[in-house]
$ cat start22.txt   # compact mmCIF, C-alpha atoms and all ligand atoms
# COMPACT_ATOMS: atom_id res chain seq x y z
CA MET A 1 134.92 55.56 1.46
CA SER A 2 132.96 52.33 1.12
CA ASP A 3 130.39 52.09 -1.63
CA ALA A 4 128.90 48.94 -0.10
CA ARG A 5 128.16 50.80 3.13
CA LYS A 6 126.56 53.65 1.22
CA GLN A 7 124.51 51.18 -0.79
CA ARG A 8 123.30 49.44 2.39
CA ALA A 9 122.14 52.75 3.87
CA GLY A 10 120.44 53.80 0.63
CA GLU A 11 118.62 50.51 0.25
CA ALA A 12 117.45 50.51 3.87
CA ALA A 13 116.03 54.02 3.39
CA ALA A 14 114.23 52.99 0.19
CA GLY A 15 112.44 50.37 2.29
CA ARG A 16 110.79 53.19 4.27
CA VAL A 17 108.99 54.62 1.25
CA GLU A 18 105.32 53.80 0.66
CA ALA A 19 103.18 54.05 -2.46
CA GLY A 20 101.67 57.47 -3.12
CA MET A 21 104.28 59.43 -1.18
CA VAL A 22 105.99 62.66 -2.18
CA ILE A 23 109.72 62.01 -1.73
CA GLY A 24 112.60 64.49 -1.53
CA LEU A 25 115.63 63.09 -3.32
CA GLY A 26 119.01 64.12 -1.93
CA THR A 27 122.24 64.64 -3.81
CA GLY A 28 125.56 62.78 -3.79
CA SER A 29 126.82 59.24 -4.15
CA THR A 30 124.94 57.87 -1.12
CA ALA A 31 121.69 59.54 -2.16
CA ALA A 32 122.20 58.03 -5.63
CA TRP A 33 122.07 54.56 -4.08
CA PHE A 34 118.75 55.51 -2.51
CA VAL A 35 117.40 56.79 -5.82
CA LYS A 36 118.42 53.56 -7.56
CA ALA A 37 116.87 51.37 -4.84
CA LEU A 38 113.71 53.47 -4.84
CA ALA A 39 113.30 53.22 -8.60
CA ALA A 40 113.83 49.45 -8.41
CA ARG A 41 110.84 49.13 -6.03
CA LYS A 42 108.48 50.51 -8.72
CA LEU A 43 106.00 51.82 -6.14
CA PRO A 44 102.84 53.34 -7.66
CA ASP A 45 101.98 57.05 -7.53
CA LEU A 46 105.29 58.33 -6.19
CA ARG A 47 106.26 61.91 -6.92
CA CYS A 48 109.86 62.93 -6.34
CA VAL A 49 111.37 66.35 -5.75
CA PRO A 50 115.08 66.32 -6.64
CA THR A 51 117.57 68.56 -4.84
CA SER A 52 119.90 69.03 -7.81
CA GLU A 53 120.00 68.80 -11.58
CA LYS A 54 122.31 65.78 -11.24
CA THR A 55 119.80 63.89 -9.09
CA ALA A 56 116.98 64.96 -11.41
CA ASP A 57 118.86 63.47 -14.37
CA LEU A 58 119.43 60.17 -12.54
CA ALA A 59 115.83 59.92 -11.31
CA ARG A 60 114.44 60.72 -14.77
CA GLU A 61 116.71 58.13 -16.36
CA LEU A 62 115.43 55.51 -13.88
CA GLY A 63 111.80 56.31 -14.63
CA LEU A 64 110.83 58.10 -11.41
CA THR A 65 108.13 60.77 -11.69
CA LEU A 66 109.56 64.19 -10.90
CA SER A 67 107.87 67.21 -9.39
CA THR A 68 109.04 70.57 -8.14
CA LEU A 69 108.94 72.09 -4.69
CA ASP A 70 106.45 74.68 -5.91
CA ASP A 71 104.09 72.06 -7.37
CA THR A 72 104.37 69.74 -4.34
CA PRO A 73 105.24 72.00 -1.39
CA ARG A 74 104.44 69.30 1.19
CA ILE A 75 106.96 66.47 1.05
CA ASP A 76 106.29 63.30 3.05
CA LEU A 77 109.87 62.07 3.33
CA THR A 78 113.27 63.30 2.22
CA VAL A 79 116.29 61.00 2.11
CA ASP A 80 119.71 62.58 1.62
CA GLY A 81 123.38 61.99 2.28
CA THR A 82 125.71 64.05 4.43
CA ASP A 83 129.36 64.92 4.92
CA GLU A 84 129.33 64.62 8.72
CA VAL A 85 126.87 63.36 11.32
CA GLY A 86 127.47 64.91 14.73
CA PRO A 87 125.76 64.65 18.13
CA GLY A 88 121.99 65.10 18.02
CA LEU A 89 122.11 64.41 14.27
CA ALA A 90 123.57 67.85 13.62
CA LEU A 91 125.02 67.67 10.12
CA ILE A 92 127.49 69.27 7.76
CA LYS A 93 126.21 69.03 4.19
CA GLY A 94 127.07 70.62 0.87
CA GLY A 95 130.11 68.69 -0.26
CA GLY A 96 128.22 68.23 -3.52
CA ALA A 97 127.32 71.95 -3.71
CA ALA A 98 123.57 71.26 -3.45
CA LEU A 99 123.07 72.62 0.08
CA LEU A 100 120.60 75.37 -0.77
CA ARG A 101 118.12 73.22 -2.68
CA GLU A 102 118.68 70.45 -0.14
CA LYS A 103 117.81 72.69 2.79
CA LEU A 104 114.73 74.05 1.00
CA VAL A 105 113.50 70.50 0.41
CA TRP A 106 114.41 69.27 3.91
CA GLU A 107 112.54 72.15 5.52
CA ALA A 108 109.44 71.32 3.47
CA SER A 109 109.50 67.68 4.57
CA ALA A 110 107.41 66.00 7.26
CA ARG A 111 110.29 63.60 7.88
CA CYS A 112 113.97 63.59 6.94
CA ILE A 113 116.24 60.56 6.94
CA VAL A 114 119.96 61.10 6.52
CA ILE A 115 121.95 58.21 5.08
CA ALA A 116 125.68 57.82 5.45
CA GLU A 117 128.46 55.34 5.80
CA ALA A 118 129.86 54.81 9.28
CA ALA A 119 133.01 56.92 8.69
CA LYS A 120 130.86 60.06 8.53
CA VAL A 121 129.80 59.85 12.19
CA VAL A 122 131.87 62.27 14.32
CA LYS A 123 131.95 63.45 17.93
CA THR A 124 132.40 67.10 16.97
CA LEU A 125 131.42 68.72 13.66
CA GLY A 126 134.07 70.55 11.69
CA ALA A 127 136.76 68.22 10.34
CA PHE A 128 134.94 68.37 7.00
CA PRO A 129 135.19 71.93 5.61
CA LEU A 130 131.88 73.73 6.10
CA PRO A 131 130.37 74.77 2.73
CA ILE A 132 128.92 78.27 2.58
CA GLU A 133 126.92 79.28 -0.52
CA VAL A 134 127.51 82.89 -1.54
CA VAL A 135 126.04 85.17 -4.22
CA ALA A 136 128.60 85.51 -7.04
CA PHE A 137 128.36 89.32 -7.15
CA GLY A 138 131.02 90.70 -4.79
CA HIS A 139 131.81 87.24 -3.44
CA LYS A 140 135.36 88.22 -2.37
CA THR A 141 133.92 90.94 -0.15
CA THR A 142 131.45 88.44 1.29
CA GLY A 143 134.34 85.98 1.73
CA ASN A 144 136.16 88.59 3.85
CA ARG A 145 133.06 89.05 6.01
CA ILE A 146 132.85 85.29 6.42
CA ALA A 147 136.51 85.30 7.57
CA ASP A 148 135.63 87.91 10.23
CA VAL A 149 132.78 85.75 11.54
CA LEU A 150 134.99 82.67 11.56
CA ALA A 151 137.68 84.56 13.49
CA ASP A 152 135.02 85.52 16.03
CA HIS A 153 134.46 81.77 16.46
CA ASP A 154 138.21 81.16 16.96
CA ILE A 155 138.53 79.72 13.47
CA ALA A 156 141.74 81.23 12.13
CA LEU A 157 141.70 80.04 8.52
CA PRO A 158 139.68 82.09 6.02
CA ALA A 159 137.15 80.13 3.96
CA ARG A 160 138.39 79.09 0.52
CA LEU A 161 136.53 79.65 -2.75
CA ARG A 162 135.69 76.23 -4.19
CA GLN A 163 137.47 75.56 -7.49
CA ALA A 164 137.36 72.63 -9.86
CA ASP A 165 139.35 71.74 -12.98
CA ARG A 166 137.11 73.99 -15.07
CA GLY A 167 137.38 76.99 -12.73
CA ILE A 168 135.16 78.35 -9.98
CA VAL A 169 132.43 75.92 -8.95
CA ARG A 170 128.91 77.25 -9.54
CA THR A 171 125.85 75.79 -7.81
CA ASP A 172 122.67 74.91 -9.70
CA GLY A 173 121.45 78.37 -8.69
CA GLY A 174 124.56 80.09 -10.13
CA ASN A 175 126.11 80.92 -6.76
CA VAL A 176 129.64 80.13 -5.55
CA ILE A 177 130.82 78.11 -2.56
CA TYR A 178 133.29 79.06 0.16
CA ASP A 179 134.59 76.11 2.22
CA ALA A 180 135.52 76.91 5.81
CA THR A 181 138.13 74.67 7.43
CA CYS A 182 136.84 74.90 10.97
CA GLY A 183 138.61 72.01 12.66
CA ALA A 184 136.05 71.84 15.44
CA ILE A 185 132.78 73.77 15.55
CA MET A 186 132.19 74.33 19.24
CA ASP A 187 128.89 76.22 18.92
CA PRO A 188 127.13 75.21 15.68
CA VAL A 189 123.92 77.11 16.49
CA ARG A 190 125.72 80.43 17.01
CA LEU A 191 127.92 79.90 13.95
CA ALA A 192 124.84 79.09 11.84
CA ASP A 193 123.09 82.24 13.05
CA ASP A 194 126.13 84.45 12.52
CA LEU A 195 126.77 83.20 8.97
CA LYS A 196 123.13 83.78 7.98
CA LEU A 197 123.40 87.41 9.04
CA ILE A 198 126.05 88.18 6.41
CA THR A 199 124.60 89.85 3.33
CA GLY A 200 125.63 87.78 0.33
CA VAL A 201 125.56 84.46 2.20
CA VAL A 202 122.68 82.51 0.73
CA GLU A 203 122.98 79.41 2.93
CA HIS A 204 125.46 77.33 4.91
CA GLY A 205 125.88 73.59 5.25
CA LEU A 206 124.97 73.29 8.93
CA PHE A 207 121.74 71.26 9.06
CA LEU A 208 120.65 71.53 12.69
CA ASP A 209 117.43 70.03 14.13
CA LEU A 210 116.40 68.83 10.68
CA ALA A 211 117.22 65.10 10.58
CA ASP A 212 114.67 62.81 12.25
CA GLU A 213 116.72 59.67 11.81
CA ALA A 214 120.08 58.52 10.47
CA ILE A 215 120.64 55.22 8.72
CA ILE A 216 124.33 54.44 9.00
CA GLY A 217 125.75 51.86 6.62
CA LYS A 218 128.30 49.45 8.09
CA ASP A 219 130.15 46.42 6.76
CA ASP A 220 127.63 44.06 8.34
CA GLY A 221 124.33 45.98 8.16
CA VAL A 222 123.00 49.34 9.26
CA ASP A 223 122.72 51.26 12.53
CA LEU A 224 119.70 53.47 13.17
CA LEU A 225 120.32 56.73 15.07
CA THR A 226 117.81 59.28 16.35
CA PRO A 227 118.48 62.77 17.72
C1 LIG A 301 125.54 67.40 -1.47
C2 LIG A 301 125.61 66.78 -0.14
C3 LIG A 301 125.90 65.31 -0.10
O1 LIG A 301 124.81 64.67 0.46
C4 LIG A 301 127.14 65.08 0.71
O2 LIG A 301 128.22 65.79 0.12
C5 LIG A 301 127.50 63.59 0.79
O3 LIG A 301 127.88 63.11 -0.46
P1 LIG A 301 128.30 61.60 -0.66
O4 LIG A 301 127.12 60.75 -0.35
O5 LIG A 301 128.72 61.52 -2.11
O6 LIG A 301 129.46 61.31 0.27
O7 LIG A 301 125.43 67.38 0.88
O8 LIG A 301 125.41 68.80 -1.37

$ encode --input "start22.txt" --output "structure tokens" --more "lines below"
Ligand code: 5RP
Amino acid sequence: MSDARKQRAGEAAAGRVEAGMVIGLGTGSTAAWFVKALAARKLPDLRCVPTSEKTADLARELGLTLSTLDDTPRIDLTVDGTDEVGPGLALIKGGGAALLREKLVWEASARCIVIAEAAKVVKTLGAFPLPIEVVAFGHKTTGNRIADVLADHDIALPARLRQADRGIVRTDGGNVIYDATCGAIMDPVRLADDLKLITGVVEHGLFLDLADEAIIGKDDGVDLLTP
């Protein structure tokens, strides 16, 4: 993974921000480059809605003015990273476990720019395990229901509960994450719909019809993609 490519994408996205805007701040290492480049521009009257506690900490440290989704429900522009960029700018997100807050902020935004390094662009979504955020209560039961839905989509492997060195990973909202190794997601719209119907699933990492533009960082510049 190239940091220079991520930095190029983040800096290009920061160039799109204008004074007085309400900006959604994504989560992850690429989004962090955007946050740093945005803070360096010192634009007046910006208000920023972070999508995670980690991004909030970084933005605060850099002197950006923070707001909440409830205080600023209309966001002008959100810039966020991604785990995969597929055809039509369909995305898999949630590698950083911030998918729920990210999707809430994206859906409240007039415009969304996804930033990524070139290696994240794929022909078919699914090589990156699809994160699924699940309520902690009874999560094993919900995990079994997720496995049934995946099997219905010809995905044989059950989703795996995300663990870290310190135990089960918890999201900022206190939920857990199941990662589904899909291989290839042939019908992302149907899979998204089917996962949302499971009681206990709070959100999944398929971001469909949400990105307006992608800024892809390369070794020698950036590519701009539209749906
Ligand atoms: C967090 C995300 C991130 O944007 C995604 O995981 C990409 O992270 P990075 O820029 O570090 O590769 O969706 O939930």

$ closest_residue --input "start22.txt" --among "A:Arg60, A:Lys42, A:Arg166, A:Arg101" --to "ligand LIG 301 (chain A)" --atoms "only C-alpha atoms and all ligand atoms"
A:Arg101

$ atom_distance --input "start22.txt" --atom1 "atom CA of Ala13 of chain A" --atom2 "atom CA of Ile185 of chain A"
28.6 Å

$ residues_around --input "start22.txt" --residues "Leu197 of chain A" --least-positions-apart "5" --cutoff "10 Å" --atoms "all atoms listed in the file" --output "PDB file with C-alpha atoms, in the frame of the given file"
ATOM      1  CA  VAL A 149     132.780  85.750  11.540  1.00  0.00           C
ATOM      2  CA  ALA A 192     124.840  79.090  11.840  1.00  0.00           C
ATOM      3  CA  VAL A 202     122.680  82.510   0.730  1.00  0.00           C
TER       4      VAL A 202
END

$ atom_distance --input "start22.txt" --atom1 "atom CA of Lys196 of chain A" --atom2 "atom CA of Pro227 of chain A"
23.6 Å

$ residues_around --input "start22.txt" --residues "segment 110-118 of chain A" --least-positions-apart "6" --cutoff "7 Å" --atoms "all atoms listed in the file" --output "MDAnalysis selection string"
chainID A and resid 5:6 9:10 30 75:82 210:218

$ residues_near_ligand --input "start22.txt" --ligand "ligand LIG 301 (chain A)" --cutoff "9 Å" --atoms "only C-alpha atoms and all ligand atoms" --output "ChimeraX atom specification"
/A:1,6,26-33,51-52,80-84,92-102,114-117,120,131,205

$ atom_distance --input "start22.txt" --atom1 "atom CA of Ala12 of chain A" --atom2 "atom CA of Asp209 of chain A"
22.1 Å

$ residues_around --input "start22.txt" --residues "Ala19 of chain A" --least-positions-apart "5" --cutoff "9 Å" --atoms "only C-alpha atoms" --output "ChimeraX atom specification"
/A:42-46

$ axis_aligned_box --input "start22.txt" --around "segment 4-7 of chain A" --padding-each-side "5 Å" --output "AutoDock Vina command-line options"
--center_x 126.7 --center_y 51.3 --center_z 1.2 --size_x 14.4 --size_y 14.7 --size_z 13.9

$ closest_residue --input "start22.txt" --among "A:Val105, A:Ile146, A:Val122, A:Leu58" --to "Thr199 of chain A" --atoms "all atoms listed in the file"
A:Ile146

$ closest_residue --input "start22.txt" --among "A:Leu150, A:Val222, A:Ile155, A:Ala136" --to "Val176 of chain A" --atoms "all atoms listed in the file"
A:Ala136

$ closest_residue --input "start22.txt" --among "A:Val17, A:Ala39, A:Leu130, A:Ala90" --to "Leu225 of chain A" --atoms "all atoms listed in the file"
A:Ala90

$ residues_around --input "start22.txt" --residues "Gly183 of chain A" --least-positions-apart "5" --cutoff "8 Å" --atoms "all atoms listed in the file" --output "number ranges by chain"
A: 125-129, 155

$ closest_residue --input "start22.txt" --among "A:Arg8, A:Lys123, A:Arg160, A:Lys103" --to "Asp220 of chain A" --atoms "all atoms listed in the file"
A:Arg8

$ closest_residue --input "start22.txt" --among "A:Leu104, A:Leu91, A:Ile177, A:Ala147" --to "Val134 of chain A" --atoms "all atoms listed in the file"
A:Ile177

$ residues_around --input "start22.txt" --residues "Gly24 of chain A" --least-positions-apart "4" --cutoff "6 Å" --atoms "all atoms listed in the file" --output "ChimeraX atom specification"
/A:48-50,78

$ build_atoms --input "start22.txt" --residues "segment 22-35 of chain A" --atoms "N, CA and C atoms" --output "PDB file, in the coordinates of the input"
ATOM      1  N   VAL A  22     105.135  61.654  -1.540  1.00  0.00           N
ATOM      2  CA  VAL A  22     105.990  62.660  -2.180  1.00  0.00           C
ATOM      3  C   VAL A  22     107.356  62.558  -1.496  1.00  0.00           C
ATOM      4  N   ILE A  23     108.388  62.308  -2.285  1.00  0.00           N
ATOM      5  CA  ILE A  23     109.720  62.010  -1.730  1.00  0.00           C
ATOM      6  C   ILE A  23     110.733  63.067  -2.169  1.00  0.00           C
ATOM      7  N   GLY A  24     111.475  63.600  -1.219  1.00  0.00           N
ATOM      8  CA  GLY A  24     112.600  64.490  -1.530  1.00  0.00           C
ATOM      9  C   GLY A  24     113.824  63.624  -1.810  1.00  0.00           C
ATOM     10  N   LEU A  25     114.453  63.878  -2.932  1.00  0.00           N
ATOM     11  CA  LEU A  25     115.630  63.090  -3.320  1.00  0.00           C
ATOM     12  C   LEU A  25     116.896  63.904  -3.088  1.00  0.00           C
ATOM     13  N   GLY A  26     117.772  63.407  -2.238  1.00  0.00           N
ATOM     14  CA  GLY A  26     119.010  64.120  -1.930  1.00  0.00           C
ATOM     15  C   GLY A  26     120.012  64.033  -3.077  1.00  0.00           C
ATOM     16  N   THR A  27     121.182  64.561  -2.792  1.00  0.00           N
ATOM     17  CA  THR A  27     122.240  64.640  -3.810  1.00  0.00           C
ATOM     18  C   THR A  27     123.520  64.001  -3.278  1.00  0.00           C
ATOM     19  N   GLY A  28     124.284  63.384  -4.190  1.00  0.00           N
ATOM     20  CA  GLY A  28     125.560  62.780  -3.790  1.00  0.00           C
ATOM     21  C   GLY A  28     125.543  61.285  -4.061  1.00  0.00           C
ATOM     22  N   SER A  29     126.694  60.654  -3.792  1.00  0.00           N
ATOM     23  CA  SER A  29     126.820  59.240  -4.150  1.00  0.00           C
ATOM     24  C   SER A  29     125.959  58.340  -3.266  1.00  0.00           C
ATOM     25  N   THR A  30     125.784  58.697  -1.997  1.00  0.00           N
ATOM     26  CA  THR A  30     124.940  57.870  -1.120  1.00  0.00           C
ATOM     27  C   THR A  30     123.477  58.034  -1.502  1.00  0.00           C
ATOM     28  N   ALA A  31     123.075  59.278  -1.737  1.00  0.00           N
ATOM     29  CA  ALA A  31     121.690  59.540  -2.160  1.00  0.00           C
ATOM     30  C   ALA A  31     121.394  58.831  -3.479  1.00  0.00           C
ATOM     31  N   ALA A  32     122.414  58.710  -4.345  1.00  0.00           N
ATOM     32  CA  ALA A  32     122.200  58.030  -5.630  1.00  0.00           C
ATOM     33  C   ALA A  32     121.842  56.554  -5.419  1.00  0.00           C
ATOM     34  N   TRP A  33     122.440  55.954  -4.387  1.00  0.00           N
ATOM     35  CA  TRP A  33     122.070  54.560  -4.080  1.00  0.00           C
ATOM     36  C   TRP A  33     120.605  54.486  -3.669  1.00  0.00           C
ATOM     37  N   PHE A  34     120.167  55.467  -2.909  1.00  0.00           N
ATOM     38  CA  PHE A  34     118.750  55.510  -2.510  1.00  0.00           C
ATOM     39  C   PHE A  34     117.853  55.650  -3.736  1.00  0.00           C
ATOM     40  N   VAL A  35     118.221  56.550  -4.621  1.00  0.00           N
ATOM     41  CA  VAL A  35     117.400  56.790  -5.820  1.00  0.00           C
ATOM     42  C   VAL A  35     117.296  55.507  -6.642  1.00  0.00           C
TER      43      VAL A  35
END
